[in-house]
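The file final-v2.tsv contains TSV, C-alpha atoms:
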chain	number	residue	atom	x	y	z
A	129	MET	CA	80.59	100.67	99.60
A	130	ALA	CA	79.49	97.52	97.77
A	131	ARG	CA	78.94	94.13	99.39
A	132	THR	CA	81.47	91.83	97.72
A	133	ASP	CA	79.78	88.74	99.15
A	134	ARG	CA	76.76	89.53	96.95
A	135	CYS	CA	78.80	90.03	93.79
A	136	ARG	CA	78.13	87.17	91.39
A	137	SER	CA	81.13	87.86	89.17
A	138	LEU	CA	83.55	87.84	92.13
A	139	ALA	CA	82.18	84.47	93.22
A	140	GLU	CA	82.74	83.19	89.68
A	141	LEU	CA	86.27	84.61	89.62
A	142	GLY	CA	87.06	83.02	92.98
A	143	ALA	CA	85.93	79.67	91.66
A	144	LEU	CA	88.00	80.19	88.51
A	145	THR	CA	91.19	80.94	90.46
A	146	ASP	CA	90.63	77.80	92.55
A	147	ARG	CA	90.13	75.76	89.39
A	148	LEU	CA	93.32	77.10	87.78
A	149	ALA	CA	95.51	76.69	90.88
A	150	PRO	CA	96.30	72.93	90.75
A	151	GLY	CA	98.02	73.14	87.38
A	152	ALA	CA	99.94	76.36	88.04
A	153	SER	CA	103.24	77.22	89.71
A	154	PRO	CA	103.19	78.87	93.15
A	155	SER	CA	104.16	82.24	91.66
A	156	VAL	CA	101.28	82.11	89.16
A	157	VAL	CA	98.80	81.13	91.87
A	158	THR	CA	100.03	84.05	94.01
A	159	ALA	CA	99.58	86.44	91.07
A	160	ASP	CA	96.07	85.13	90.37
A	161	ARG	CA	94.99	85.64	93.97
A	162	TRP	CA	96.65	89.06	94.09
A	163	VAL	CA	94.62	90.27	91.11
A	164	PHE	CA	91.48	88.70	92.57
A	165	GLY	CA	92.09	90.65	95.78
A	166	GLU	CA	92.58	93.91	93.90
A	167	LEU	CA	89.41	93.37	91.87
A	168	SER	CA	87.52	92.63	95.09
A	169	ARG	CA	88.67	95.93	96.58
A	170	ALA	CA	87.76	97.75	93.36
A	171	VAL	CA	84.21	96.37	93.66
A	172	ARG	CA	84.03	97.08	97.40
A	173	HIS	CA	85.01	100.72	96.92
A	174	ASP	CA	82.63	101.26	93.97
A	175	LEU	CA	85.44	102.00	91.53
A	176	LEU	CA	83.87	99.95	88.72
A	177	GLY	CA	80.64	100.25	86.77
A	178	LYS	CA	77.29	99.19	88.20
A	179	ASP	CA	77.28	96.18	85.86
A	180	CYS	CA	80.53	94.75	87.32
A	181	CYS	CA	78.73	92.07	89.34
A	182	ARG	CA	76.38	90.97	86.56
A	183	SER	CA	78.67	88.22	85.29
A	184	LEU	CA	82.36	87.56	84.96
A	185	PRO	CA	82.99	87.88	81.20
A	186	ASP	CA	80.39	90.57	80.47
A	187	GLY	CA	80.57	92.47	83.76
A	188	LEU	CA	83.74	92.36	85.82
A	189	LEU	CA	85.99	91.68	82.82
A	190	SER	CA	84.26	94.03	80.42
A	191	ARG	CA	86.43	96.54	78.58
A	192	ALA	CA	85.27	99.50	80.69
A	193	ASN	CA	85.63	97.73	84.04
A	194	VAL	CA	89.03	96.29	83.20
A	195	ALA	CA	90.21	99.77	82.21
A	196	ALA	CA	88.84	101.26	85.45
A	197	TYR	CA	90.47	98.49	87.50
A	198	LEU	CA	93.88	98.94	85.86
A	199	ALA	CA	93.73	102.71	86.24
A	200	ALA	CA	93.01	102.42	89.99
A	201	ALA	CA	95.62	99.68	90.48
A	202	GLU	CA	98.32	101.61	88.66
A	203	GLN	CA	97.61	104.60	90.90
A	204	ASP	CA	98.34	102.29	93.86
A	205	ASP	CA	94.76	102.67	95.15
A	206	LEU	CA	93.99	98.96	95.59
A	207	ARG	CA	96.61	97.84	98.08
A	208	ALA	CA	95.46	95.79	101.05
A	209	ARG	CA	97.73	97.91	103.29
A	210	PRO	CA	99.25	101.36	102.69
A	211	ARG	CA	102.87	101.52	101.64
A	212	ARG	CA	105.48	102.47	104.23
A	213	ALA	CA	108.98	102.99	102.97
A	214	THR	CA	108.90	101.76	99.40
A	215	VAL	CA	107.62	103.53	96.32
A	216	ALA	CA	105.25	102.20	93.70
A	217	HIS	CA	106.58	100.56	90.54
A	218	PRO	CA	103.52	100.48	88.29
A	219	GLU	CA	105.42	99.35	85.19
A	220	ASN	CA	106.47	96.18	87.04
A	221	SER	CA	103.07	95.27	88.45
A	222	THR	CA	100.98	96.20	85.44
A	223	ASN	CA	102.61	93.50	83.32
A	224	VAL	CA	101.69	90.90	85.92
A	225	ARG	CA	98.10	92.19	86.10
A	226	ARG	CA	97.74	92.00	82.33
A	227	ARG	CA	99.14	88.48	82.14
A	228	VAL	CA	96.70	87.36	84.83
A	229	LEU	CA	93.71	89.03	83.14
A	230	ARG	CA	94.59	87.35	79.83
A	231	ARG	CA	94.94	84.05	81.66
A	232	PHE	CA	91.45	84.48	83.14
A	233	ALA	CA	89.98	85.38	79.74
A	234	LYS	CA	91.64	82.39	78.07
A	235	ALA	CA	90.23	80.06	80.71
A	236	LEU	CA	86.77	81.53	80.07
A	237	GLY	CA	87.15	81.23	76.30
A	238	THR	CA	86.56	84.96	75.77
A	239	GLU	CA	88.42	87.86	74.21
A	240	LEU	CA	89.77	90.55	76.52
A	241	GLU	CA	90.29	94.15	75.43
A	242	LEU	CA	93.03	95.82	77.42
A	243	PRO	CA	93.87	99.54	77.35
A	244	SER	CA	97.33	100.62	76.27
A	245	PRO	CA	99.89	100.10	79.05
A	246	PRO	CA	101.33	103.18	80.76
A	247	PRO	CA	104.63	104.45	79.37
A	248	VAL	CA	107.66	102.76	80.84
A	249	ARG	CA	109.55	105.04	83.20
A	250	VAL	CA	113.22	105.54	82.46
A	251	ILE	CA	115.00	105.44	85.80
A	252	ALA	CA	118.55	106.66	85.88
A	253	PRO	CA	120.97	104.13	87.38
A	254	VAL	CA	122.57	104.79	90.73
A	255	THR	CA	125.94	106.46	90.28
A	256	ALA	CA	129.23	105.23	91.68
A	257	ARG	CA	129.30	108.42	93.76
A	258	GLN	CA	125.96	107.56	95.37
A	259	GLN	CA	127.07	104.01	96.08
A	260	ALA	CA	130.31	105.17	97.64
A	261	ARG	CA	128.56	107.81	99.74
A	262	LEU	CA	126.02	105.30	101.01
A	263	GLN	CA	128.77	102.88	101.99
A	264	SER	CA	130.57	105.69	103.81
A	265	HIS	CA	127.30	106.68	105.52
A	266	VAL	CA	126.35	103.26	106.91
A	267	SER	CA	129.92	102.23	107.72
A	268	GLY	CA	130.55	105.53	109.44
A	269	TRP	CA	127.59	105.23	111.77
A	270	ALA	CA	128.39	101.58	112.44
A	271	SER	CA	131.70	102.73	113.90
A	272	LEU	CA	130.67	106.09	115.39
A	273	LEU	CA	127.58	105.06	117.35
A	274	PRO	CA	128.31	103.82	120.89
A	275	PRO	CA	127.88	100.05	121.42
A	276	GLN	CA	124.91	100.59	123.76
A	277	TYR	CA	122.90	102.23	120.95
A	278	ALA	CA	120.51	99.72	119.37
A	279	ARG	CA	120.90	101.45	116.01
A	280	ARG	CA	124.60	100.69	115.98
A	281	ALA	CA	123.89	96.97	115.50
A	282	VAL	CA	121.46	97.80	112.70
A	283	TYR	CA	124.15	99.81	110.93
A	284	VAL	CA	126.79	97.10	111.41
A	285	ARG	CA	124.45	94.68	109.65
A	286	LEU	CA	123.39	97.22	107.03
A	287	ALA	CA	126.98	98.13	106.18
A	288	ALA	CA	127.68	94.47	105.38
A	289	ILE	CA	124.47	94.19	103.34
A	290	VAL	CA	125.21	97.30	101.31
A	291	GLY	CA	128.74	96.13	100.60
A	292	ILE	CA	127.56	92.73	99.38
A	293	VAL	CA	124.88	94.29	97.15
A	294	VAL	CA	127.39	96.73	95.65
A	295	ASP	CA	129.92	93.95	94.99
A	296	THR	CA	127.55	91.19	93.83
A	297	GLY	CA	124.32	92.86	92.68
A	298	ALA	CA	122.33	90.56	94.98
A	299	ARG	CA	118.54	90.99	95.19
A	300	SER	CA	116.82	91.15	98.56
A	301	GLY	CA	115.50	87.59	98.17
A	302	GLU	CA	118.99	86.38	97.34
A	303	LEU	CA	120.37	88.18	100.38
A	304	VAL	CA	117.98	86.60	102.89
A	305	ALA	CA	118.68	83.17	101.39
A	306	MET	CA	122.40	83.49	102.19
A	307	THR	CA	123.97	81.42	104.94
A	308	VAL	CA	127.30	81.81	106.69
A	309	GLY	CA	128.52	78.97	104.48
A	310	ASP	CA	128.10	81.21	101.43
A	311	LEU	CA	131.07	83.28	102.57
A	312	ALA	CA	134.62	82.13	101.93
A	313	PRO	CA	136.58	81.54	105.15
A	314	ASP	CA	138.81	84.53	104.32
A	315	LEU	CA	135.77	86.57	103.17
A	316	THR	CA	137.28	87.15	99.72
A	317	THR	CA	134.20	85.78	97.94
A	318	ALA	CA	130.48	85.34	98.44
A	319	THR	CA	128.28	82.73	96.78
A	320	ILE	CA	124.96	84.06	95.47
A	321	THR	CA	122.13	81.83	94.26
A	322	ARG	CA	120.28	83.94	91.74
A	323	ARG	CA	116.54	84.27	92.26
A	324	PRO	CA	115.06	86.34	89.41
A	325	GLN	CA	111.84	88.16	90.27
A	326	GLY	CA	108.99	85.65	90.31
A	327	GLY	CA	111.32	82.76	89.47
A	328	TRP	CA	112.86	79.74	91.18
A	329	PRO	CA	116.47	79.66	92.42
A	330	GLY	CA	118.76	79.40	89.43
A	331	GLU	CA	122.38	80.11	88.59
A	332	VAL	CA	124.94	80.01	91.42
A	333	GLU	CA	127.74	82.57	91.26
A	334	GLU	CA	130.87	82.99	93.37
A	335	LEU	CA	131.81	86.67	93.34
A	336	SER	CA	134.71	88.64	94.79
A	337	LEU	CA	134.24	90.98	97.74
A	338	SER	CA	136.15	94.24	97.98
A	339	GLY	CA	138.40	95.06	100.89
A	340	SER	CA	135.89	97.50	102.37
A	341	THR	CA	133.10	94.91	102.15
A	342	ARG	CA	135.28	92.25	103.77
A	343	LYS	CA	135.84	94.63	106.68
A	344	THR	CA	132.11	95.31	107.17
A	345	VAL	CA	131.21	91.64	106.79
A	346	ALA	CA	133.84	90.67	109.38
A	347	ALA	CA	132.36	93.19	111.82
A	348	TRP	CA	128.89	91.78	111.22
A	349	LEU	CA	130.02	88.16	111.67
A	350	GLU	CA	131.58	89.07	115.02
A	351	LEU	CA	128.33	90.67	116.18
A	352	ARG	CA	126.25	87.88	114.67
A	353	GLY	CA	128.25	85.31	116.64
A	354	GLN	CA	127.31	87.05	119.88
A	355	LEU	CA	123.64	87.18	118.89
A	356	VAL	CA	123.22	83.54	117.84
A	357	GLY	CA	125.33	82.42	120.81
A	358	SER	CA	122.55	83.55	123.14
A	359	LEU	CA	120.03	81.20	121.54
A	360	SER	CA	119.28	77.73	122.84
A	361	GLY	CA	119.69	74.80	120.51
A	362	ALA	CA	121.52	74.70	117.21
A	363	PRO	CA	122.35	78.19	115.92
A	364	PRO	CA	120.70	79.26	112.65
A	365	ARG	CA	122.73	79.17	109.47
A	366	ALA	CA	121.12	82.31	108.04
A	367	LEU	CA	123.64	85.09	107.48
A	368	TRP	CA	121.27	87.91	108.45
A	369	VAL	CA	119.67	87.72	111.89
A	370	SER	CA	117.77	90.04	114.19
A	371	VAL	CA	119.83	92.29	116.45
A	372	ARG	CA	117.47	92.62	119.40
A	373	ASN	CA	114.63	90.85	121.17
A	374	GLY	CA	111.17	91.98	120.22
A	375	GLY	CA	112.21	93.50	116.91
A	376	ARG	CA	110.83	92.63	113.51
A	377	GLY	CA	112.77	89.40	113.56
A	378	GLY	CA	111.50	88.24	116.98
A	379	LEU	CA	114.31	87.05	119.24
A	380	ALA	CA	117.78	88.40	118.72
A	381	GLY	CA	119.79	85.95	116.62
A	382	LEU	CA	116.85	84.58	114.62
A	383	PRO	CA	116.76	84.97	110.82
A	384	ILE	CA	115.06	88.06	109.40
A	385	GLY	CA	113.17	88.47	106.14
A	386	ALA	CA	113.52	90.63	103.07
A	387	LYS	CA	110.93	93.14	104.32
A	388	THR	CA	113.09	94.02	107.31
A	389	LEU	CA	116.16	94.51	105.13
A	390	ARG	CA	114.26	96.67	102.63
A	391	TRP	CA	112.58	98.78	105.31
A	392	GLN	CA	115.77	99.50	107.23
A	393	TYR	CA	117.67	100.22	104.02
A	394	ALA	CA	114.98	102.72	102.99
A	395	SER	CA	115.14	104.36	106.41
A	396	ALA	CA	118.93	104.76	106.26
A	397	VAL	CA	118.79	106.16	102.72
A	398	ALA	CA	116.12	108.67	103.76
A	399	GLN	CA	118.48	109.86	106.50
A	400	LEU	CA	121.39	110.09	104.05
A	401	ASN	CA	119.35	112.15	101.59
A	402	ALA	CA	118.22	114.45	104.41
A	403	ASP	CA	121.83	114.90	105.55
A	404	MET	CA	122.94	115.78	102.03
A	405	LYS	CA	120.13	118.32	101.71
A	406	ALA	CA	120.86	119.84	105.12
A	407	GLN	CA	124.54	120.23	104.23
A	408	GLY	CA	123.73	121.71	100.83
A	409	VAL	CA	126.02	119.26	99.04
A	410	VAL	CA	126.37	120.53	95.48
A	411	GLY	CA	125.37	118.05	92.78
A	412	TRP	CA	123.86	115.49	95.13
A	413	VAL	CA	120.88	113.63	93.64
A	414	ASP	CA	118.69	111.79	96.13
A	415	LEU	CA	119.47	108.09	96.25
A	416	PRO	CA	116.37	105.92	95.56
A	417	ARG	CA	115.03	104.32	98.74
A	418	THR	CA	114.53	100.87	97.25
A	419	LEU	CA	117.28	98.29	97.79
A	420	GLU	CA	116.69	96.98	94.27
A	421	ARG	CA	117.92	100.25	92.75
A	422	LEU	CA	121.32	99.87	94.44
A	423	ARG	CA	122.02	96.95	92.09
A	424	HIS	CA	121.81	99.15	88.99
A	425	VAL	CA	124.88	101.35	88.93
A	426	ASP	CA	126.27	103.58	86.20
A	427	LYS	CA	129.85	102.32	86.31
A	428	GLY	CA	130.99	104.97	83.86
A	429	PHE	CA	130.38	107.81	86.29
A	430	ARG	CA	133.14	108.78	88.69
A	431	ALA	CA	133.14	111.73	91.06
A	432	PRO	CA	135.08	112.74	94.18
A	433	GLU	CA	133.65	111.37	97.41
A	434	VAL	CA	131.69	113.91	99.44
A	435	PRO	CA	132.74	114.46	103.08
A	436	ARG	CA	131.37	112.31	105.84
A	437	VAL	CA	128.48	113.49	107.94
A	438	GLY	CA	129.59	114.31	111.46
A	439	GLN	CA	126.45	113.70	113.48
A	440	PRO	CA	124.72	110.47	114.45
A	441	PRO	CA	121.42	109.87	112.64
A	442	SER	CA	118.30	110.91	114.52
A	443	SER	CA	115.96	108.13	113.47
A	444	ALA	CA	117.53	106.44	110.51
A	445	ALA	CA	116.65	102.90	111.50
A	446	THR	CA	114.80	100.93	114.13
A	447	ALA	CA	116.54	97.84	115.41
A	448	ALA	CA	115.12	94.45	114.54

How does the structure come out when it is put into structure tokens?
Amino acid sequence: MARTDRCRSLAELGALTDRLAPGASPSVVTADRWVFGELSRAVRHDLLGKDCCRSLPDGLLSRANVAAYLAAAEQDDLRARPRRATVAHPENSTNVRRRVLRRFAKALGTELELPSPPPVRVIAPVTARQQARLQSHVSGWASLLPPQYARRAVYVRLAAIVGIVVDTGARSGELVAMTVGDLAPDLTTATITRRPQGGWPGEVEELSLSGSTRKTVAAWLELRGQLVGSLSGAPPRALWVSVRNGGRGGLAGLPIGAKTLRWQYASAVAQLNADMKAQGVVGWVDLPRTLERLRHVDKGFRAPEVPRVGQPPSSAATAA
């Protein structure tokens, strides 16, 4: 394992990222430091050539070392921490890596030879059947689990989240930015401030909520009122709050982040897919475990709803 503190080219790259930061947006600075971190781990784990530390343009950013770095990164081998519930999306991240590498090369006044990008995966959209079954799954357990079960509160919140995503196509960042004021008093509409990936808040949309979503949102607001009512001081305006003390959100009633929503969504979907497999449901295709995929639905597909599962989930979600 190489000593990164003795790597000349990494020191030069660190200085370069610091020099570029003042004139860049926060998202660009984050991307620069992300690539720097991945390159540091590639050096530390001896994944690059022996000349990688010789200099920045001729060593670390040489054609061979850049190709080796991208190959390792696109295999998800350079993460600071292992993945938990989400799956890799190399076609998303590789574009960012390549933009950053070109930015570094331009700042150095050198040419950068990049290998051909990996083929773009074609991911089938979620079907209306999958969306409907997921809504039935989370809403069913929100009503079937006894009130004393911690997971019941998770499912009450998740049922409202799933309904809003299905109706509005909201991203996880847009969800956590929502406040109670973004819901119409009669819950017929929700206001979503669009936050494209890597971008600043943009267009504001007021979108209709279906009857089933209004019902799940009403149930969540009732529970949320109890949770924030136990806090001292002014209650938070965030729509999504933690459901228990000591969970991922800290105290019950405090706002939670996108990671909590994504992780608990992935856990519930894993349980749904397992239930469908155990029941031998004909024609069921596993629902992707990323919340982002729920936004992309094939509206032309219609199929009869599959029956509800009749048993409480074993470990579908951990309260937060």

request  = For atom CA of A:Leu272 and atom CA of A:Val345, quote the distance in Å rounded to one decimal.
outcome  = 16.8 Å

Computed interatomic separation between atom CA of A:Val282 and atom CA of A:Gly411 (Å) =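 Here the two named atoms are 28.7 Å from each other.
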
request  = Can you pull out every residue within 10 Å of A:Pro364, counting only C-alpha atoms, but drop anything in the same chain fewer than 3 positions away, and send it as an MDAnalysis selection string?
outcome  = chainID A and resid 307:308 356:357 359 361 367:369 381:383

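Every protein or nucleic acid residue with an atom no more than 12 Å from A:Arg131, counting only C-alpha atoms and leaving out same-chain residues fewer than 5 positions away, appears here: A:Arg136, A:Leu138, A:Ala139, A:Ser168, A:Arg169, A:Ala170, A:Val171, A:Arg172, A:His173, A:Asp174, A:Cys181.
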
message = Just want the 12 Å neighbourhood of A:Ala201, counted on all atoms listed in the file, with same-chain residues fewer than 6 positions away dropped. Output as a list in words.
response =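 In the requested format, the answer is Trp162, Val163, Phe164, Gly165, Glu166, Leu167, Ser168, Arg169, Ala170, Leu175, Leu176, Val194, Ala195, Arg207, Ala208, Ala216, His217, Pro218, Glu219, Asn220, Ser221, Thr222, Asn223, Val224, Arg225, Arg226 and Pro246 of chain A.
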
Using only C-alpha atoms, please write the residues we just selected to a file, as a PDB file, in the frame of the given file.
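What landed in selection02.pdb:
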ATOM      1  CA  TRP A 162      96.650  89.060  94.090  1.00  0.00           C
ATOM      2  CA  VAL A 163      94.620  90.270  91.110  1.00  0.00           C
ATOM      3  CA  PHE A 164      91.480  88.700  92.570  1.00  0.00           C
ATOM      4  CA  GLY A 165      92.090  90.650  95.780  1.00  0.00           C
ATOM      5  CA  GLU A 166      92.580  93.910  93.900  1.00  0.00           C
ATOM      6  CA  LEU A 167      89.410  93.370  91.870  1.00  0.00           C
ATOM      7  CA  SER A 168      87.520  92.630  95.090  1.00  0.00           C
ATOM      8  CA  ARG A 169      88.670  95.930  96.580  1.00  0.00           C
ATOM      9  CA  ALA A 170      87.760  97.750  93.360  1.00  0.00           C
ATOM     10  CA  LEU A 175      85.440 102.000  91.530  1.00  0.00           C
ATOM     11  CA  LEU A 176      83.870  99.950  88.720  1.00  0.00           C
ATOM     12  CA  VAL A 194      89.030  96.290  83.200  1.00  0.00           C
ATOM     13  CA  ALA A 195      90.210  99.770  82.210  1.00  0.00           C
ATOM     14  CA  ARG A 207      96.610  97.840  98.080  1.00  0.00           C
ATOM     15  CA  ALA A 208      95.460  95.790 101.050  1.00  0.00           C
ATOM     16  CA  ALA A 216     105.250 102.200  93.700  1.00  0.00           C
ATOM     17  CA  HIS A 217     106.580 100.560  90.540  1.00  0.00           C
ATOM     18  CA  PRO A 218     103.520 100.480  88.290  1.00  0.00           C
ATOM     19  CA  GLU A 219     105.420  99.350  85.190  1.00  0.00           C
ATOM     20  CA  ASN A 220     106.470  96.180  87.040  1.00  0.00           C
ATOM     21  CA  SER A 221     103.070  95.270  88.450  1.00  0.00           C
ATOM     22  CA  THR A 222     100.980  96.200  85.440  1.00  0.00           C
ATOM     23  CA  ASN A 223     102.610  93.500  83.320  1.00  0.00           C
ATOM     24  CA  VAL A 224     101.690  90.900  85.920  1.00  0.00           C
ATOM     25  CA  ARG A 225      98.100  92.190  86.100  1.00  0.00           C
ATOM     26  CA  ARG A 226      97.740  92.000  82.330  1.00  0.00           C
ATOM     27  CA  PRO A 246     101.330 103.180  80.760  1.00  0.00           C
TER      28      PRO A 246
END

task = Within 12 Å of A:Tyr283, counting all atoms listed in the file, which residues show up once you throw out same-chain ones fewer than 5 positions away? Write them as JSON, numbers by chain, please.
result = {"A": [262, 263, 264, 265, 266, 267, 268, 269, 270, 271, 272, 273, 274, 275, 277, 278, 288, 289, 290, 291, 344, 345, 347, 348, 351, 371, 389, 392, 393, 395, 396, 397, 440, 441, 443, 444, 445, 446, 447, 448]}

ask   = atom CA of A:Arg227 and atom CA of A:Ala159, how far apart in Å?
value = 9.2 Å

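Proximity to A:Ala199 was assessed for A:Val294, A:Leu379, A:Leu242, A:Cys180 counting only C-alpha atoms; the smallest distance is recorded for A:Leu242.
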
inquiry  = Which residues are near A:Glu140? Cut-off 8 Å, all atoms listed in the file, ignore same chain within fewer than 4 positions. Put them as a ChimeraX atom specification.
reply    = /A:136,144,183-184

task = May I ask which of the residues A:Phe232, A:Trp391, A:Trp412, A:Tyr197 is the closest one to A:Gln258, counting all atoms listed in the file?
result = A:Trp412

With 6 Å of padding per side, what axis-aligned box (centre and edge lengths, Å, one decimal) covers all the listed atoms of stretch 414-428 of chain A? Give it as lines of an AutoDock Vina configuration file.
center_x = 122.8
center_y = 104.4
center_z = 91.3
size_x = 28.5
size_y = 26.8
size_z = 26.9

query = So which residues fall inside 12 Å of (117.1, 90.1, 95.2) if we count all atoms listed in the file? Mind giving them as a PyMOL selection string?
reply = chain A and resi 289+292-293+296-306+320-329+385-387+389-390+418-424
